[in-house]
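Next comes run.txt, a file with compact mmCIF, C-alpha atoms and all ligand atoms.
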# COMPACT_ATOMS: atom_id res chain seq x y z
CA SER V 1164 7.23 -5.16 -10.56
CA THR V 1165 10.87 -6.05 -10.00
CA TYR V 1166 10.44 -7.09 -6.37
CA ASN V 1167 10.00 -10.55 -4.88
CA PHE V 1168 8.38 -9.41 -1.62
CA LEU V 1169 6.79 -6.05 -2.48
CA ILE V 1170 4.08 -4.76 -4.77
CA VAL V 1171 4.43 -1.11 -5.70
CA GLU V 1172 1.48 0.70 -7.31
CA ARG V 1173 0.69 4.28 -8.20
CA ARG V 1174 -2.51 6.00 -7.17
CA GLY V 1175 -2.10 9.42 -8.71
CA PRO V 1176 0.61 11.23 -6.75
CA VAL V 1177 0.72 8.43 -4.14
CA ALA V 1178 2.88 5.32 -4.20
CA VAL V 1179 1.38 2.33 -2.42
CA ILE V 1180 3.99 -0.17 -1.24
CA THR V 1181 2.50 -3.51 -0.16
CA LEU V 1182 4.60 -5.97 1.81
CA ASN V 1183 3.99 -9.26 0.06
CA ARG V 1184 5.40 -12.33 1.78
CA PRO V 1185 2.15 -14.08 2.66
CA LYS V 1186 3.69 -17.44 3.59
CA ALA V 1187 5.46 -15.87 6.56
CA LEU V 1188 2.91 -13.18 7.50
CA ASN V 1189 5.25 -10.60 5.97
CA ALA V 1190 8.08 -11.46 8.36
CA LEU V 1191 10.78 -8.96 7.53
CA CYS V 1192 13.56 -11.08 6.09
CA ASN V 1193 16.75 -9.48 4.77
CA GLU V 1194 15.63 -9.52 1.18
CA LEU V 1195 12.29 -7.89 2.00
CA THR V 1196 13.91 -5.06 3.98
CA GLU V 1197 16.48 -4.51 1.24
CA GLU V 1198 13.68 -4.29 -1.30
CA LEU V 1199 11.78 -1.86 0.91
CA THR V 1200 14.85 0.36 1.18
CA ALA V 1201 15.22 0.28 -2.61
CA ALA V 1202 11.53 1.05 -3.17
CA LEU V 1203 11.67 4.01 -0.78
CA ASP V 1204 14.78 5.32 -2.55
CA VAL V 1205 12.71 5.29 -5.75
CA THR V 1206 9.69 7.08 -4.22
CA GLU V 1207 11.96 9.72 -2.69
CA ALA V 1208 13.65 10.43 -6.00
CA ASP V 1209 10.45 10.56 -8.09
CA ASP V 1210 9.14 14.14 -8.22
CA SER V 1211 5.71 12.97 -9.31
CA ILE V 1212 5.21 11.20 -5.96
CA GLY V 1213 4.00 13.34 -3.06
CA ALA V 1214 3.31 10.74 -0.39
CA VAL V 1215 3.64 7.02 0.28
CA VAL V 1216 1.33 4.41 1.81
CA LEU V 1217 3.01 1.35 3.30
CA THR V 1218 0.74 -1.61 3.92
CA GLY V 1219 0.64 -5.39 4.27
CA SER V 1220 -2.09 -8.00 3.94
CA ALA V 1221 -5.46 -8.36 5.64
CA LYS V 1222 -3.89 -10.85 8.06
CA ALA V 1223 -0.58 -9.13 8.77
CA PHE V 1224 1.11 -5.81 8.25
CA ALA V 1225 4.23 -7.67 9.36
CA ALA V 1226 4.77 -10.32 12.05
CA GLY V 1227 8.23 -9.02 12.90
CA ALA V 1228 11.79 -9.73 11.95
CA ASP V 1229 12.31 -13.16 10.43
CA ILE V 1230 12.88 -15.47 13.40
CA LYS V 1231 14.27 -18.24 11.17
CA GLU V 1232 16.95 -15.88 9.88
CA MET V 1233 17.73 -14.51 13.35
CA GLN V 1234 17.87 -17.74 15.34
CA PRO V 1235 21.40 -18.87 14.34
CA LYS V 1236 23.03 -15.45 14.64
CA SER V 1237 25.68 -14.76 17.28
CA PHE V 1238 26.52 -11.48 18.97
CA THR V 1239 29.45 -11.03 16.62
CA ASP V 1240 27.21 -11.66 13.60
CA VAL V 1241 24.60 -9.07 14.58
CA TYR V 1242 27.20 -6.59 15.81
CA LEU V 1243 29.35 -6.72 12.69
CA GLU V 1244 26.44 -6.53 10.27
CA ASP V 1245 24.81 -3.82 12.44
CA PHE V 1246 21.65 -5.89 12.46
CA ILE V 1247 19.12 -4.44 11.92
CA THR V 1248 19.33 -0.70 11.71
CA ALA V 1249 21.19 -0.42 8.42
CA SER V 1250 18.34 -1.74 6.32
CA TRP V 1251 15.46 -0.69 8.59
CA GLU V 1252 16.08 3.01 8.95
CA ARG V 1253 14.84 3.98 5.49
CA ALA V 1254 11.17 4.53 6.36
CA SER V 1255 12.16 6.87 9.19
CA THR V 1256 14.50 8.89 6.98
CA THR V 1257 12.08 9.58 4.11
CA ARG V 1258 11.39 13.27 3.65
CA LYS V 1259 8.07 12.65 1.92
CA PRO V 1260 5.16 11.71 4.16
CA ILE V 1261 4.70 7.98 4.65
CA ILE V 1262 1.54 6.48 6.12
CA ALA V 1263 1.42 2.98 7.57
CA ALA V 1264 -1.90 1.29 6.81
CA VAL V 1265 -2.07 -1.59 9.27
CA ALA V 1266 -4.45 -4.55 9.22
CA GLY V 1267 -3.89 -7.68 11.28
CA TYR V 1268 -0.61 -8.29 13.04
CA ALA V 1269 2.00 -5.56 13.47
CA LEU V 1270 4.38 -7.31 15.84
CA GLY V 1271 7.96 -6.73 16.87
CA GLY V 1272 9.82 -5.30 13.91
CA GLY V 1273 6.46 -4.97 12.16
CA ALA V 1274 5.18 -2.60 14.85
CA GLU V 1275 8.54 -0.80 14.76
CA LEU V 1276 8.30 -0.38 11.00
CA ALA V 1277 4.77 1.04 11.34
CA MET V 1278 6.01 3.44 14.04
CA SER V 1279 8.84 4.57 11.74
CA CYS V 1280 6.17 5.96 9.43
CA ASP V 1281 4.63 9.40 10.00
CA MET V 1282 1.27 8.11 11.14
CA ILE V 1283 -0.52 4.82 11.50
CA ILE V 1284 -4.00 4.27 10.08
CA ALA V 1285 -5.34 1.06 11.61
CA ALA V 1286 -8.01 -1.32 10.40
CA ASP V 1287 -10.32 -2.47 13.18
CA THR V 1288 -8.51 -5.83 12.86
CA ALA V 1289 -5.09 -4.39 13.69
CA LYS V 1290 -3.06 -5.86 16.55
CA PHE V 1291 0.11 -4.26 17.82
CA GLY V 1292 2.71 -5.83 20.08
CA GLN V 1293 6.37 -6.06 21.00
CA PRO V 1294 6.68 -9.81 21.66
CA GLU V 1295 10.48 -9.86 21.50
CA ILE V 1296 10.69 -10.56 25.24
CA THR V 1297 8.86 -13.86 24.66
CA ILE V 1298 11.65 -15.10 22.37
CA GLY V 1299 14.55 -14.10 24.58
CA ILE V 1300 15.43 -10.72 23.12
CA LEU V 1301 14.15 -7.15 23.28
CA PRO V 1302 12.96 -4.67 20.66
CA GLY V 1303 15.81 -3.50 18.44
CA ALA V 1304 14.34 -1.08 15.92
CA GLY V 1305 12.63 1.54 18.07
CA GLY V 1306 10.21 -0.51 20.17
CA THR V 1307 11.63 0.88 23.39
CA GLN V 1308 12.09 4.39 21.95
CA ARG V 1309 9.40 5.34 19.42
CA LEU V 1310 6.76 3.41 21.33
CA THR V 1311 7.66 5.14 24.59
CA ARG V 1312 7.55 8.56 22.95
CA ALA V 1313 4.20 7.69 21.35
CA VAL V 1314 2.37 6.20 24.33
CA GLY V 1315 4.38 7.05 27.45
CA LYS V 1316 6.33 4.94 29.90
CA SER V 1317 3.62 2.89 31.56
CA LYS V 1318 1.99 1.53 28.39
CA ALA V 1319 5.38 1.03 26.73
CA MET V 1320 6.68 -0.93 29.74
CA ASP V 1321 3.46 -2.97 29.76
CA MET V 1322 3.89 -3.92 26.11
CA VAL V 1323 7.67 -4.36 26.08
CA LEU V 1324 8.00 -6.29 29.36
CA THR V 1325 4.96 -8.57 28.97
CA GLY V 1326 4.81 -8.90 25.19
CA ARG V 1327 1.08 -8.22 25.40
CA THR V 1328 -0.64 -7.50 22.10
CA ILE V 1329 -3.11 -4.61 21.98
CA ASP V 1330 -6.04 -4.19 19.60
CA ALA V 1331 -6.81 -1.25 17.35
CA GLU V 1332 -9.14 0.37 19.85
CA GLU V 1333 -6.55 0.38 22.63
CA ALA V 1334 -3.88 1.51 20.19
CA GLU V 1335 -5.98 4.50 19.22
CA LYS V 1336 -6.87 5.30 22.83
CA ILE V 1337 -3.21 5.48 23.82
CA GLY V 1338 -2.20 7.53 20.79
CA LEU V 1339 -0.28 4.90 18.86
CA VAL V 1340 -2.57 5.16 15.84
CA ALA V 1341 -4.09 8.25 14.25
CA ARG V 1342 -7.40 6.77 13.09
CA ILE V 1343 -9.25 3.44 12.99
CA VAL V 1344 -11.18 2.51 9.86
CA SER V 1345 -13.03 -0.61 8.83
CA ALA V 1346 -10.74 -3.28 7.39
CA ASP V 1347 -12.54 -3.18 4.03
CA ASP V 1348 -11.84 0.54 3.64
CA LEU V 1349 -8.25 0.57 4.96
CA ILE V 1350 -6.36 1.06 1.71
CA GLU V 1351 -8.88 3.49 0.25
CA GLU V 1352 -8.84 5.61 3.42
CA ALA V 1353 -5.07 5.60 3.71
CA VAL V 1354 -4.67 6.46 0.03
CA ALA V 1355 -7.24 9.26 0.37
CA ILE V 1356 -5.29 10.74 3.28
CA ALA V 1357 -2.01 10.41 1.36
CA GLN V 1358 -3.57 11.98 -1.76
CA LYS V 1359 -4.86 14.88 0.31
CA ILE V 1360 -1.37 15.48 1.74
CA ALA V 1361 0.24 15.08 -1.70
CA GLY V 1362 -2.10 17.78 -3.01
CA PHE V 1363 -0.74 20.43 -0.65
CA SER V 1364 2.34 22.47 -1.49
CA ARG V 1365 5.23 20.04 -1.19
CA PRO V 1366 7.77 22.35 0.46
CA SER V 1367 5.33 23.19 3.25
CA VAL V 1368 4.41 19.51 3.66
CA LEU V 1369 8.07 18.51 3.99
CA MET V 1370 8.76 21.39 6.36
CA ALA V 1371 5.75 20.49 8.51
CA LYS V 1372 6.93 16.88 8.76
CA GLU V 1373 10.45 17.99 9.60
CA ALA V 1374 9.16 20.36 12.28
CA VAL V 1375 6.96 17.74 13.98
CA ASN V 1376 9.85 15.27 13.95
CA SER V 1377 12.12 17.83 15.57
CA ALA V 1378 9.85 17.72 18.62
CA PHE V 1379 11.32 14.28 19.33
CA GLU V 1380 14.90 15.42 18.98
CA THR V 1381 15.22 18.64 20.92
CA THR V 1382 14.15 20.96 23.73
CA LEU V 1383 10.93 22.99 23.49
CA ALA V 1384 12.79 26.28 23.08
CA GLU V 1385 15.04 24.85 20.37
CA GLY V 1386 12.06 23.21 18.66
CA MET V 1387 10.11 26.49 18.73
CA ARG V 1388 13.07 28.27 17.14
CA PHE V 1389 13.37 25.57 14.47
CA GLU V 1390 9.64 25.78 13.73
CA ARG V 1391 9.86 29.57 13.45
CA ARG V 1392 12.74 29.33 10.96
CA LEU V 1393 10.79 26.90 8.78
CA PHE V 1394 7.64 29.00 9.14
CA HIS V 1395 9.55 32.04 7.88
CA ALA V 1396 11.10 29.94 5.11
CA ALA V 1397 7.61 28.94 3.92
CA PHE V 1398 7.12 32.58 2.89
CA ALA V 1399 9.83 32.06 0.28
CA THR V 1400 7.77 29.36 -1.47
CA ASP V 1401 5.37 29.65 -4.40
CA GLY V 1402 2.95 27.64 -2.28
CA GLN V 1403 2.55 30.46 0.24
CA THR V 1404 1.95 33.06 -2.47
CA GLU V 1405 -0.55 30.87 -4.28
CA GLY V 1406 -2.25 29.39 -1.21
CA MET V 1407 -2.99 32.74 0.38
CA ALA V 1408 -3.96 34.39 -2.94
CA ALA V 1409 -6.35 31.54 -3.66
CA PHE V 1410 -7.96 31.93 -0.25
CA LEU V 1411 -8.48 35.67 -0.79
CA ASP V 1412 -9.81 35.06 -4.34
CA LYS V 1413 -12.18 32.41 -2.96
CA ARG V 1414 -10.81 29.77 -5.36
CA LYS V 1415 -8.94 26.49 -5.03
CA PRO V 1416 -5.14 26.83 -5.00
CA THR V 1417 -3.08 25.27 -7.77
CA PHE V 1418 0.20 24.33 -6.17
CA ASN V 1419 3.27 23.88 -8.35
CA HIS V 1420 5.08 22.23 -5.42
CA ARG V 1421 7.82 24.83 -5.48
C1 LIG M 1501 9.46 -15.97 10.65
C2 LIG M 1501 7.19 -16.19 10.84
C3 LIG M 1501 7.15 -15.08 11.70
C4 LIG M 1501 8.36 -14.41 12.01
C5 LIG M 1501 5.14 -15.83 11.44
N1 LIG M 1501 5.94 -16.62 10.71
N2 LIG M 1501 5.86 -14.89 12.05
N3 LIG M 1501 8.35 -16.63 10.33
N4 LIG M 1501 9.49 -14.91 11.46
N5 LIG M 1501 8.39 -13.34 12.78
C6 LIG M 1501 5.56 -17.77 9.91
C7 LIG M 1501 5.25 -18.97 10.75
O1 LIG M 1501 6.44 -19.62 11.12
C8 LIG M 1501 4.40 -19.77 9.83
O2 LIG M 1501 5.25 -20.41 8.90
C9 LIG M 1501 3.63 -18.74 9.07
O3 LIG M 1501 4.37 -17.51 9.21
C10 LIG M 1501 2.24 -18.51 9.61
O4 LIG M 1501 2.36 -18.22 10.99
P1 LIG M 1501 1.54 -19.02 12.13
O5 LIG M 1501 2.27 -18.84 13.39
O6 LIG M 1501 1.20 -20.39 11.66
O7 LIG M 1501 0.19 -18.16 12.12
P2 LIG M 1501 -0.81 -17.92 13.34
O8 LIG M 1501 -1.02 -19.19 14.11
O9 LIG M 1501 -1.99 -17.23 12.75
O10 LIG M 1501 -0.07 -16.91 14.32
C11 LIG M 1501 0.24 -15.61 13.93
C12 LIG M 1501 1.26 -14.97 14.90
C13 LIG M 1501 2.49 -15.89 15.02
C14 LIG M 1501 0.62 -14.75 16.26
C15 LIG M 1501 1.62 -13.60 14.31
O11 LIG M 1501 2.93 -16.22 13.71
C16 LIG M 1501 3.63 -15.27 15.77
O12 LIG M 1501 3.60 -15.18 16.97
N6 LIG M 1501 4.67 -14.88 15.03
C17 LIG M 1501 5.90 -14.36 15.62
C18 LIG M 1501 5.68 -12.98 16.15
C19 LIG M 1501 6.94 -12.44 16.80
O13 LIG M 1501 7.44 -12.96 17.78
N7 LIG M 1501 7.45 -11.36 16.24
C20 LIG M 1501 8.61 -10.70 16.75
C21 LIG M 1501 9.82 -11.23 16.10
S1 LIG M 1501 11.25 -10.52 16.84
P3 LIG M 1501 5.10 -22.00 8.56
O14 LIG M 1501 6.24 -22.26 7.67
O15 LIG M 1501 5.11 -22.71 9.87
O16 LIG M 1501 3.75 -22.05 7.89
C22 LIG M 1501 11.41 -9.06 16.08
C23 LIG M 1501 12.65 -8.32 16.46
C24 LIG M 1501 12.76 -7.07 15.69
O17 LIG M 1501 10.64 -8.62 15.31
C25 LIG M 1501 14.04 -6.47 16.02
C26 LIG M 1501 14.41 -5.45 15.01
C27 LIG M 1501 15.86 -5.13 15.13

Could you render the structure from this file as structure tokens?
Amino acid sequence: STYNFLIVERRGPVAVITLNRPKALNALCNELTEELTAALDVTEADDSIGAVVLTGSAKAFAAGADIKEMQPKSFTDVYLEDFITASWERASTTRKPIIAAVAGYALGGGAELAMSCDMIIAADTAKFGQPEITIGILPGAGGTQRLTRAVGKSKAMDMVLTGRTIDAEEAEKIGLVARIVSADDLIEEAVAIAQKIAGFSRPSVLMAKEAVNSAFETTLAEGMRFERRLFHAAFATDGQTEGMAAFLDKRKPTFNHR
């Protein structure tokens, strides 16, 4: 692969992107985030890819932004370079489904990156936290926003104001993660979920993702209207024709992703 800090592999219609900076527990340095943006541009553009799995190592999904890189920065530095949104937004703007498969530490920017994905599958070893407060800052890539929407005010305040790390079990209980699996099975399970999604008709998958995301952006009435428009639009796709015909014929659908 052409990346210094990523490994990108194909598993059928799924791209698996592995953060690979073991010496720093996958701390998200500039170069790593730039590579991740580039890799996600590639997966978005490749028609043969239906879904993405983003993962790290057994010890760390990612231990946050790179503290060594951040320490010398001034307000003017971070303001002028728009640290950190420019390079970190890519996971949250993908149209194809992206699953975070988290083992070990997902801290600070690492937790925020996982929350930028569509769902989090956690190994039983996963630990989530927003420890920014302990180093004199606050979350800057969604830790006060996506976390609060995911788990509510009280748990978000608990994590953001104390820096407390929670384990996989608590993360699942509060709705931060979709499923917990054993650490040994994490990648296989996440890939299986991604492959299942990639097998469905792509237009309806993308519409479904877009519709769920709109729930975070709008009022209920507006969201219901948006959903209805996309629902109607799905009847213009080959996937609807084929999916419903296959059901009535009692056979498996063959989606052409159109
Ligand atoms: C740079 C990091 C790092 C980080 C770990 N390392 N996290 N380097 N930035 N965020 C490096 C360590 O310096 C060390 O390098 C090596 O990785 C191994 O880490 P250890 O601390 O020795 O490992 P361990 O004792 O197992 O502790 C693991 C840990 C701890 C609990 C995860 O590393 C830790 O607390 N890391 C920082 C977590 C954090 O505060 N994250 C939030 C960052 S702020 P050497 O060279 O010594 O071997 C943030 C803001 C995002 O993310 C804002 C977005 C806009």

Proximity to Phe1224 of chain V - best of V:Leu1301, V:Leu1349, V:Leu1203, V:Leu1369, all atoms listed in the file: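 Of V:Leu1301, V:Leu1349, V:Leu1203, V:Leu1369, the one nearest Phe1224 of chain V is V:Leu1349, counting all atoms listed in the file.
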
V:Leu1182, V:Leu1199, V:Met1282, V:Ile1300 ranked by distance to ligand LIG 1501 (chain M), top pick (using only C-alpha atoms and all ligand atoms):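 Closest residue, counting only C-alpha atoms and all ligand atoms: V:Ile1300.
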
For ligand LIG 1501 (chain M), the nearest of the candidates V:Leu1276, V:Ala1202, V:Met1387, V:Ala1266, counting only C-alpha atoms and all ligand atoms: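 Using only C-alpha atoms and all ligand atoms, the shortest distance to ligand LIG 1501 (chain M) belongs to V:Leu1276.
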
Which of V:Asn1183, V:Val1241, V:Gly1303, V:Asp1210 sits closest to ligand LIG 1501 (chain M) [using all atoms listed in the file]: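 Smallest separation from ligand LIG 1501 (chain M) among the options: V:Gly1303.
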
At most 7 Å from ligand LIG 1501 (chain M) (only C-alpha atoms and all ligand atoms): residue list as a compact mmCIF listing (two decimals) with C-alpha atoms, in the coordinates of the input:
# COMPACT_ATOMS: atom_id res chain seq x y z
CA LYS V 1186 3.69 -17.44 3.59
CA ALA V 1187 5.46 -15.87 6.56
CA LEU V 1188 2.91 -13.18 7.50
CA ALA V 1190 8.08 -11.46 8.36
CA ALA V 1226 4.77 -10.32 12.05
CA GLY V 1227 8.23 -9.02 12.90
CA ALA V 1228 11.79 -9.73 11.95
CA ASP V 1229 12.31 -13.16 10.43
CA ILE V 1230 12.88 -15.47 13.40
CA LYS V 1231 14.27 -18.24 11.17
CA PHE V 1246 21.65 -5.89 12.46
CA ILE V 1247 19.12 -4.44 11.92
CA THR V 1248 19.33 -0.70 11.71
CA TYR V 1268 -0.61 -8.29 13.04
CA LEU V 1270 4.38 -7.31 15.84
CA GLY V 1271 7.96 -6.73 16.87
CA GLY V 1272 9.82 -5.30 13.91
CA GLY V 1273 6.46 -4.97 12.16
CA GLN V 1293 6.37 -6.06 21.00
CA PRO V 1294 6.68 -9.81 21.66
CA GLU V 1295 10.48 -9.86 21.50
CA ILE V 1298 11.65 -15.10 22.37
CA PRO V 1302 12.96 -4.67 20.66
CA GLY V 1303 15.81 -3.50 18.44
CA ALA V 1304 14.34 -1.08 15.92

Point-to-point distance from atom CA of Val1216 of chain V to atom CA of Ala1274 of chain V, Å rounded to tenths: 15.3 Å

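The shortest atom-to-atom distance to Ser1255 of chain V, with only C-alpha atoms taken into account, belongs to V:Ser1279 out of V:Ser1279, V:Thr1239, V:Gln1308, V:Thr1165.
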
Contact residues around Gly1292 of chain V with all atoms listed in the file at 8 Å, ignoring same-chain residues under 5 positions, as a PyMOL selection string: chain V and resi 1269-1271+1274+1322-1323+1326-1329

Export of prior selection with C-alpha atoms as a PDB file, in the frame of the given file:
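Result went into selection.pdb, see below:
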ATOM      1  CA  ALA V1269       2.000  -5.560  13.470  1.00  0.00           C
ATOM      2  CA  LEU V1270       4.380  -7.310  15.840  1.00  0.00           C
ATOM      3  CA  GLY V1271       7.960  -6.730  16.870  1.00  0.00           C
ATOM      4  CA  ALA V1274       5.180  -2.600  14.850  1.00  0.00           C
ATOM      5  CA  MET V1322       3.890  -3.920  26.110  1.00  0.00           C
ATOM      6  CA  VAL V1323       7.670  -4.360  26.080  1.00  0.00           C
ATOM      7  CA  GLY V1326       4.810  -8.900  25.190  1.00  0.00           C
ATOM      8  CA  ARG V1327       1.080  -8.220  25.400  1.00  0.00           C
ATOM      9  CA  THR V1328      -0.640  -7.500  22.100  1.00  0.00           C
ATOM     10  CA  ILE V1329      -3.110  -4.610  21.980  1.00  0.00           C
TER      11      ILE V1329
END

Two-atom distance - atom CA of Cys1280 of chain V, atom CA of Lys1372 of chain V (Å): 11.0 Å

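When atom CA of Ala1374 of chain V is paired with atom CA of Arg1258 of chain V, their separation reads 11.4 Å.
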
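Shortest atom-to-atom contact with Pro1185 of chain V among V:Ala1223, V:Ser1211, V:Ile1360, V:Phe1389: V:Ala1223, counting all atoms listed in the file.
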
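Excluding segment 1332-1347 of chain V itself and same-chain residues fewer than 2 positions from it, the residues having an atom within 9 Å of it are Ala1221, Ala1266, Met1278, Met1282, Ile1283, Ile1284, Ala1285, Ala1286, Asp1287, Thr1288, Ala1289, Lys1290, Phe1291, Leu1310, Ala1313, Val1314, Gly1315, Lys1318, Ile1329, Asp1330, Leu1349, Ile1350, Glu1351 and Glu1352 of chain V, counting only C-alpha atoms.
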
Test item: which residues lie within 12 Å of (-5.9, 13.2, -1.6) counting only C-alpha atoms, as a list of chain:residue names: V:Arg1174, V:Gly1175, V:Pro1176, V:Val1177, V:Gly1213, V:Ala1214, V:Val1215, V:Val1216, V:Glu1351, V:Glu1352, V:Ala1353, V:Val1354, V:Ala1355, V:Ile1356, V:Ala1357, V:Gln1358, V:Lys1359, V:Ile1360, V:Ala1361, V:Gly1362, V:Phe1363

First collect every listed atom of segment 1246-1260 of chain V; then fit an axis-aligned box around them, widen it by 6 Å on each side, and give centre and edge lengths in Å to one decimal, as JSON.
{"center_x": 13.4, "center_y": 3.7, "center_z": 7.2, "size_x": 28.5, "size_y": 31.2, "size_z": 22.5}

Using the partial input, fill out segment 1403-1416 of chain V with N, CA, C and O atoms; write the result as a PDB file, keeping the file's coordinate frame.
ATOM      1  N   GLN V1403       3.102  29.432  -0.647  1.00  0.00           N
ATOM      2  CA  GLN V1403       2.550  30.460   0.240  1.00  0.00           C
ATOM      3  C   GLN V1403       1.864  31.550  -0.575  1.00  0.00           C
ATOM      4  O   GLN V1403       0.732  31.963  -0.273  1.00  0.00           O
ATOM      5  N   THR V1404       2.522  32.009  -1.623  1.00  0.00           N
ATOM      6  CA  THR V1404       1.950  33.060  -2.470  1.00  0.00           C
ATOM      7  C   THR V1404       0.612  32.590  -3.041  1.00  0.00           C
ATOM      8  O   THR V1404      -0.406  33.291  -2.931  1.00  0.00           O
ATOM      9  N   GLU V1405       0.641  31.395  -3.613  1.00  0.00           N
ATOM     10  CA  GLU V1405      -0.550  30.870  -4.280  1.00  0.00           C
ATOM     11  C   GLU V1405      -1.640  30.490  -3.267  1.00  0.00           C
ATOM     12  O   GLU V1405      -2.817  30.816  -3.465  1.00  0.00           O
ATOM     13  N   GLY V1406      -1.255  29.850  -2.197  1.00  0.00           N
ATOM     14  CA  GLY V1406      -2.250  29.390  -1.210  1.00  0.00           C
ATOM     15  C   GLY V1406      -3.018  30.544  -0.610  1.00  0.00           C
ATOM     16  O   GLY V1406      -4.251  30.485  -0.472  1.00  0.00           O
ATOM     17  N   MET V1407      -2.320  31.588  -0.254  1.00  0.00           N
ATOM     18  CA  MET V1407      -2.990  32.740   0.380  1.00  0.00           C
ATOM     19  C   MET V1407      -3.773  33.543  -0.659  1.00  0.00           C
ATOM     20  O   MET V1407      -4.872  34.029  -0.366  1.00  0.00           O
ATOM     21  N   ALA V1408      -3.232  33.679  -1.871  1.00  0.00           N
ATOM     22  CA  ALA V1408      -3.960  34.390  -2.940  1.00  0.00           C
ATOM     23  C   ALA V1408      -5.254  33.656  -3.260  1.00  0.00           C
ATOM     24  O   ALA V1408      -6.318  34.276  -3.411  1.00  0.00           O
ATOM     25  N   ALA V1409      -5.165  32.334  -3.339  1.00  0.00           N
ATOM     26  CA  ALA V1409      -6.350  31.540  -3.660  1.00  0.00           C
ATOM     27  C   ALA V1409      -7.413  31.710  -2.585  1.00  0.00           C
ATOM     28  O   ALA V1409      -8.613  31.848  -2.880  1.00  0.00           O
ATOM     29  N   PHE V1410      -6.982  31.733  -1.325  1.00  0.00           N
ATOM     30  CA  PHE V1410      -7.960  31.930  -0.250  1.00  0.00           C
ATOM     31  C   PHE V1410      -8.671  33.267  -0.425  1.00  0.00           C
ATOM     32  O   PHE V1410      -9.897  33.342  -0.337  1.00  0.00           O
ATOM     33  N   LEU V1411      -7.892  34.324  -0.693  1.00  0.00           N
ATOM     34  CA  LEU V1411      -8.480  35.670  -0.790  1.00  0.00           C
ATOM     35  C   LEU V1411      -9.347  35.792  -2.046  1.00  0.00           C
ATOM     36  O   LEU V1411     -10.338  36.527  -2.041  1.00  0.00           O
ATOM     37  N   ASP V1412      -8.997  35.066  -3.109  1.00  0.00           N
ATOM     38  CA  ASP V1412      -9.810  35.060  -4.340  1.00  0.00           C
ATOM     39  C   ASP V1412     -10.994  34.105  -4.254  1.00  0.00           C
ATOM     40  O   ASP V1412     -11.742  33.960  -5.223  1.00  0.00           O
ATOM     41  N   LYS V1413     -11.112  33.412  -3.134  1.00  0.00           N
ATOM     42  CA  LYS V1413     -12.180  32.410  -2.960  1.00  0.00           C
ATOM     43  C   LYS V1413     -12.159  31.367  -4.072  1.00  0.00           C
ATOM     44  O   LYS V1413     -13.175  31.040  -4.679  1.00  0.00           O
ATOM     45  N   ARG V1414     -10.946  30.858  -4.388  1.00  0.00           N
ATOM     46  CA  ARG V1414     -10.810  29.770  -5.360  1.00  0.00           C
ATOM     47  C   ARG V1414      -9.891  28.706  -4.785  1.00  0.00           C
ATOM     48  O   ARG V1414      -9.265  28.912  -3.743  1.00  0.00           O
ATOM     49  N   LYS V1415      -9.840  27.556  -5.467  1.00  0.00           N
ATOM     50  CA  LYS V1415      -8.940  26.490  -5.030  1.00  0.00           C
ATOM     51  C   LYS V1415      -7.507  26.814  -5.444  1.00  0.00           C
ATOM     52  O   LYS V1415      -7.292  27.261  -6.576  1.00  0.00           O
ATOM     53  N   PRO V1416      -6.524  26.572  -4.591  1.00  0.00           N
ATOM     54  CA  PRO V1416      -5.140  26.830  -5.000  1.00  0.00           C
ATOM     55  C   PRO V1416      -4.655  25.789  -6.015  1.00  0.00           C
ATOM     56  O   PRO V1416      -5.110  24.649  -5.994  1.00  0.00           O
TER      57      PRO V1416
END
